[in-house]
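This report concerns only the one structure given below.
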Protein chains: 2
Amino acid sequence: MDLLQNAITTISPLSTESMDAFHQSWKLWSVKKDHFLLKENTVSDYIYFIEKGVTRIYYYKNGKEITEWIALDGQFFLSITSFFQRIPSHLIIQTIEPSEVLGIHHDDFMKLADKYHDIERLLRKMVTSSLILSQVRMDSIQFESAQQRYERLLQTTPQIVQRVPLTYIASFLGITLETLSRIRSQR
Amino acid sequence: MDLLQNAITTISPLSTESMDAFHQSWKLWSVKKDHFLLKENTVSDYIYFIEKGVTRIYYYKNGKEITEWIALDGQFFLSITSFFQRIPSHLIIQTIEPSEVLGIHHDDFMKLADKYHDIERLLRKMVTSSLILSQVRMDSIQFESAQQRYERLLQTTPQIVQRVPLTYIASFLGITLETLSRIRSQR
DNA sequence: CGTGCACTTGATTGAAGTCAAGCGCTGTGG
DNA sequence: CCACAGCGCTTGACTTCAATCAAGTGCACG
């Protein structure tokens, strides 16, 4: 759990009391490759944190898989709309390596945020950084070429290419597998 | 100020004490058409709320104006990255009608969020809905055709077309003026 | 040993961008 | 009070980036 506690403190430090209460609310799952953490059309009750392993978040759009996010160790991930709006998610969350995954239930998180001001602040900061990330990603999708997006990925998270099949990476970058293949070949 | 108070209560109700303190921290500006609320390369200190009028948020990308957002009466707007990260913004905020604009300073908002738990919660909910909006918009840019994006705009905010020049709308939709013109002609 | 998955390569297509010209208001200076 | 400059928008010709469709290669593992 050290990795999680460390991640939390980096975002927004908690008092000992809050941290204790918060910390205890996380559950741990050790799952194998290709395990489903969230199935289609169910309400996503958890914010997850991946201690070890890789997961991808994807959904079906006109019969095709769209990878929305790939989370490597040390990252939080969730279905934003489902978790916050409490509506069934079209998203599917699946591990793509054997993984150690922590999760906190929506209701527990909200009760704690209500009880402890500093947990509410932590949540706000988590959402804020997610929002900033979302803006950066939108800009990337709108204005960068396929090539530039791939190169940005190589710079920010080079290990992703070693651990995740190209099909998922292509979809995550918003391009087809073929286009990604061509980009990779010409360098 | 009623419109603002109402908007706040809809997002997350505040206690009388919090609402009083919060309410008093907003300043009002009455500005004419084409007034700059935020200039390039300055830190954006305010979250704004438009009581009456229209503003657009834009920036320069390779010498071209990119309209990132258009805010009509009753909406909040801000430079997300600049406000939260306290870094100079490449964004420019300009009114495009004579407008009544309210704003709260970053430091005031943060002090209040620190002091009052329910104001922190309000801020969290504001950021959350902004995040959800950002996700929806990303999906739209990535998967919808120019035509579909225009039609979505017509459905969600039809008044925008009456009040905002097409150049800005095109840019807001992430398409060129020419493409928008062609879309509009064929119906 | 062969079936299928992960990826590559080639040919063709399509949506929207770019460049260029033109039209019709509107407002302002001679 | 007219003329013309410029803005807001339209229309046309051409280009481009990446998608789609279609084969094909090579490796992994059951």
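Labeling convention for the structure tokens: chains A, B, ... as they appear, residues from 1 per chain, ligands from 1 in order of appearance.
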Could the residues of chain D that have an atom at most 10 Å from chain A be listed as JSON lines, each with its closest atom pair and the distance in Å to one decimal, counting only C-alpha atoms (C1' of nucleotides) and ordered by chain and ascending residue number?
```
{"residue": "D:DC17", "atom": "C1'", "partner": "A:Ser145", "partner_atom": "CA", "distance": 8.4}
{"residue": "D:DA18", "atom": "C1'", "partner": "A:Thr179", "partner_atom": "CA", "distance": 7.0}
{"residue": "D:DA19", "atom": "C1'", "partner": "A:Thr176", "partner_atom": "CA", "distance": 7.6}
{"residue": "D:DT20", "atom": "C1'", "partner": "A:Thr176", "partner_atom": "CA", "distance": 9.9}
```
Near-Ala7 of chain A list (12 Å; only C-alpha atoms (C1' of nucleotides); drop same-chain fewer than 5 positions) as number ranges by chain:
A: 1-2, 12-14, 23, 49-51, 73-76, 122, 126
Give me the residues within 12 Å of Ile57 of chain A as JSON, numbers by chain, counting only C-alpha atoms (C1' of nucleotides) and dropping any in the same chain fewer than 6 places off.
{"A": [34, 35, 36, 37, 38, 39, 40, 48, 65, 66, 67, 68, 69, 70, 71, 72, 76, 77, 78, 79, 80, 89, 90, 91, 92, 93, 94, 95, 96, 168, 169, 171, 172]}
I'd like to know which residues of chain A are strand (DSSP E or B) (by DSSP, run on the backbone); could you write them as a PyMOL selection string?
chain A and resi 26-31+36-38+42-43+46-52+54-61+64-72+75-77+88-89+92-95+99-105
Test item: residues at most 7 Å from segment 100-115 of chain B, only C-alpha atoms (C1' of nucleotides), excluding those fewer than 2 positions along its chain, as number ranges by chain:
B: 25-31, 45-53, 83, 117, 119-120
Quick check: residues of chain C within 12 Å of chain A, only C-alpha atoms (C1' of nucleotides), returned as a PyMOL selection string.
chain C and resi 5-10
Take the residues from that selection and put them in a file with all heavy atoms, as a short mmCIF file (atom, residue, chain, number, x, y, z; two decimals), in the first residue's frame.
```cif
data_model
loop_
_atom_site.label_atom_id
_atom_site.label_comp_id
_atom_site.auth_asym_id
_atom_site.auth_seq_id
_atom_site.Cartn_x
_atom_site.Cartn_y
_atom_site.Cartn_z
P DC C 5 -7.18 -15.72 -32.67
OP1 DC C 5 -8.04 -16.31 -31.62
OP2 DC C 5 -7.74 -15.07 -33.88
"O5'" DC C 5 -6.20 -14.69 -31.96
"C5'" DC C 5 -5.20 -15.16 -31.06
"C4'" DC C 5 -3.90 -14.42 -31.31
"O4'" DC C 5 -3.31 -14.86 -32.55
"C3'" DC C 5 -4.08 -12.90 -31.44
"O3'" DC C 5 -3.23 -12.31 -30.44
"C2'" DC C 5 -3.65 -12.57 -32.87
"C1'" DC C 5 -2.73 -13.75 -33.21
N1 DC C 5 -2.62 -14.12 -34.65
C2 DC C 5 -1.35 -14.25 -35.21
O2 DC C 5 -0.35 -14.01 -34.51
N3 DC C 5 -1.24 -14.63 -36.52
C4 DC C 5 -2.32 -14.86 -37.23
N4 DC C 5 -2.15 -15.24 -38.51
C5 DC C 5 -3.63 -14.75 -36.69
C6 DC C 5 -3.73 -14.37 -35.40
P DA C 6 -3.13 -10.71 -30.28
OP1 DA C 6 -2.78 -10.45 -28.86
OP2 DA C 6 -4.31 -10.09 -30.92
"O5'" DA C 6 -1.86 -10.38 -31.16
"C5'" DA C 6 -0.56 -10.71 -30.69
"C4'" DA C 6 0.43 -10.02 -31.59
"O4'" DA C 6 0.33 -10.60 -32.92
"C3'" DA C 6 0.15 -8.53 -31.77
"O3'" DA C 6 1.37 -7.84 -31.61
"C2'" DA C 6 -0.45 -8.42 -33.16
"C1'" DA C 6 0.20 -9.58 -33.88
N9 DA C 6 -0.57 -10.16 -35.00
C8 DA C 6 -1.92 -10.32 -35.10
N7 DA C 6 -2.31 -10.87 -36.23
C5 DA C 6 -1.13 -11.08 -36.91
C6 DA C 6 -0.84 -11.63 -38.18
N6 DA C 6 -1.78 -12.10 -39.02
N1 DA C 6 0.46 -11.68 -38.56
C2 DA C 6 1.40 -11.22 -37.73
N3 DA C 6 1.26 -10.68 -36.51
C4 DA C 6 -0.04 -10.64 -36.18
P DC C 7 1.42 -6.24 -31.69
OP1 DC C 7 2.58 -5.82 -30.88
OP2 DC C 7 0.09 -5.67 -31.46
"O5'" DC C 7 1.80 -6.03 -33.23
"C5'" DC C 7 3.02 -6.62 -33.70
"C4'" DC C 7 3.01 -6.64 -35.20
"O4'" DC C 7 1.87 -7.34 -35.71
"C3'" DC C 7 2.96 -5.27 -35.89
"O3'" DC C 7 4.28 -4.95 -36.31
"C2'" DC C 7 1.99 -5.47 -37.05
"C1'" DC C 7 1.79 -6.98 -37.07
N1 DC C 7 0.50 -7.45 -37.63
C2 DC C 7 0.50 -8.10 -38.86
O2 DC C 7 1.57 -8.25 -39.47
N3 DC C 7 -0.68 -8.51 -39.40
C4 DC C 7 -1.82 -8.32 -38.73
N4 DC C 7 -2.95 -8.76 -39.29
C5 DC C 7 -1.85 -7.67 -37.45
C6 DC C 7 -0.68 -7.26 -36.94
P DT C 8 4.56 -3.64 -37.20
OP1 DT C 8 5.99 -3.30 -37.00
OP2 DT C 8 3.51 -2.64 -36.97
"O5'" DT C 8 4.40 -4.20 -38.68
"C5'" DT C 8 5.24 -5.26 -39.12
"C4'" DT C 8 5.03 -5.48 -40.60
"O4'" DT C 8 3.69 -5.96 -40.84
"C3'" DT C 8 5.20 -4.23 -41.48
"O3'" DT C 8 6.10 -4.59 -42.51
"C2'" DT C 8 3.79 -3.95 -42.00
"C1'" DT C 8 3.15 -5.32 -41.97
N1 DT C 8 1.68 -5.38 -41.80
C2 DT C 8 0.92 -6.00 -42.76
O2 DT C 8 1.38 -6.48 -43.78
N3 DT C 8 -0.43 -6.04 -42.48
C4 DT C 8 -1.07 -5.54 -41.36
O4 DT C 8 -2.28 -5.65 -41.23
C5 DT C 8 -0.21 -4.90 -40.40
C7 DT C 8 -0.81 -4.32 -39.15
C6 DT C 8 1.10 -4.85 -40.65
P DT C 9 6.82 -3.49 -43.43
OP1 DT C 9 8.16 -4.00 -43.74
OP2 DT C 9 6.62 -2.16 -42.82
"O5'" DT C 9 5.95 -3.52 -44.76
"C5'" DT C 9 5.71 -4.76 -45.42
"C4'" DT C 9 4.66 -4.56 -46.49
"O4'" DT C 9 3.34 -4.63 -45.91
"C3'" DT C 9 4.73 -3.21 -47.23
"O3'" DT C 9 4.96 -3.51 -48.59
"C2'" DT C 9 3.37 -2.56 -46.97
"C1'" DT C 9 2.50 -3.75 -46.63
N1 DT C 9 1.34 -3.52 -45.75
C2 DT C 9 0.12 -4.08 -46.11
O2 DT C 9 -0.05 -4.74 -47.12
N3 DT C 9 -0.90 -3.83 -45.22
C4 DT C 9 -0.83 -3.10 -44.05
O4 DT C 9 -1.81 -2.96 -43.33
C5 DT C 9 0.47 -2.53 -43.75
C7 DT C 9 0.66 -1.72 -42.51
C6 DT C 9 1.47 -2.77 -44.61
P DG C 10 5.16 -2.36 -49.73
OP1 DG C 10 6.15 -2.88 -50.69
OP2 DG C 10 5.36 -1.06 -49.07
"O5'" DG C 10 3.72 -2.36 -50.44
"C5'" DG C 10 3.15 -3.59 -50.88
"C4'" DG C 10 1.79 -3.32 -51.51
"O4'" DG C 10 0.78 -3.29 -50.45
"C3'" DG C 10 1.68 -1.97 -52.23
"O3'" DG C 10 1.08 -2.21 -53.50
"C2'" DG C 10 0.79 -1.13 -51.32
"C1'" DG C 10 -0.08 -2.20 -50.67
N9 DG C 10 -0.65 -1.83 -49.39
C8 DG C 10 -0.01 -1.26 -48.31
N7 DG C 10 -0.80 -1.06 -47.29
C5 DG C 10 -2.04 -1.51 -47.71
C6 DG C 10 -3.28 -1.54 -47.03
O6 DG C 10 -3.53 -1.17 -45.89
N1 DG C 10 -4.28 -2.09 -47.84
C2 DG C 10 -4.12 -2.53 -49.12
N2 DG C 10 -5.19 -3.01 -49.73
N3 DG C 10 -2.96 -2.51 -49.76
C4 DG C 10 -1.96 -1.99 -49.00
#
```
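Those residues of chain B that fall within 6 Å of chain A when using only C-alpha atoms read B:His117, B:Arg124, B:Leu131, B:Met138.
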Output file for the residues above (C-alpha atoms, as an mmCIF file, in the first residue's frame):
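File written: out27.cif
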```
data_model
loop_
_atom_site.group_PDB
_atom_site.id
_atom_site.type_symbol
_atom_site.label_atom_id
_atom_site.label_comp_id
_atom_site.auth_asym_id
_atom_site.auth_seq_id
_atom_site.Cartn_x
_atom_site.Cartn_y
_atom_site.Cartn_z
ATOM 1 C CA HIS B 117 -16.017 22.404 3.814
ATOM 2 C CA ARG B 124 -15.089 19.729 -6.404
ATOM 3 C CA LEU B 131 -14.371 17.066 -16.427
ATOM 4 C CA MET B 138 -13.294 14.854 -26.618
#
```
In terms of the shortest atom-to-atom distance over only C-alpha atoms (C1' of nucleotides), which of D:DA23, D:DA3, D:DC9, D:DA28 is closest to DG24 of chain C?
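Among the listed residues, the smallest separation from DG24 of chain C belongs to D:DC9.
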Within 10 Å of DT16 of chain D using only C-alpha atoms (C1' of nucleotides), minus same-chain residues under 3 positions, as a ChimeraX atom specification:
/C:16-18
Given the choices C:DT13, C:DC1, C:DA21, C:DG29, which gets closest to DC1 of chain D if the distance is worked out from only C-alpha atoms (C1' of nucleotides)?
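Checking each candidate against DC1 of chain D, we get C:DG29 as the closest.
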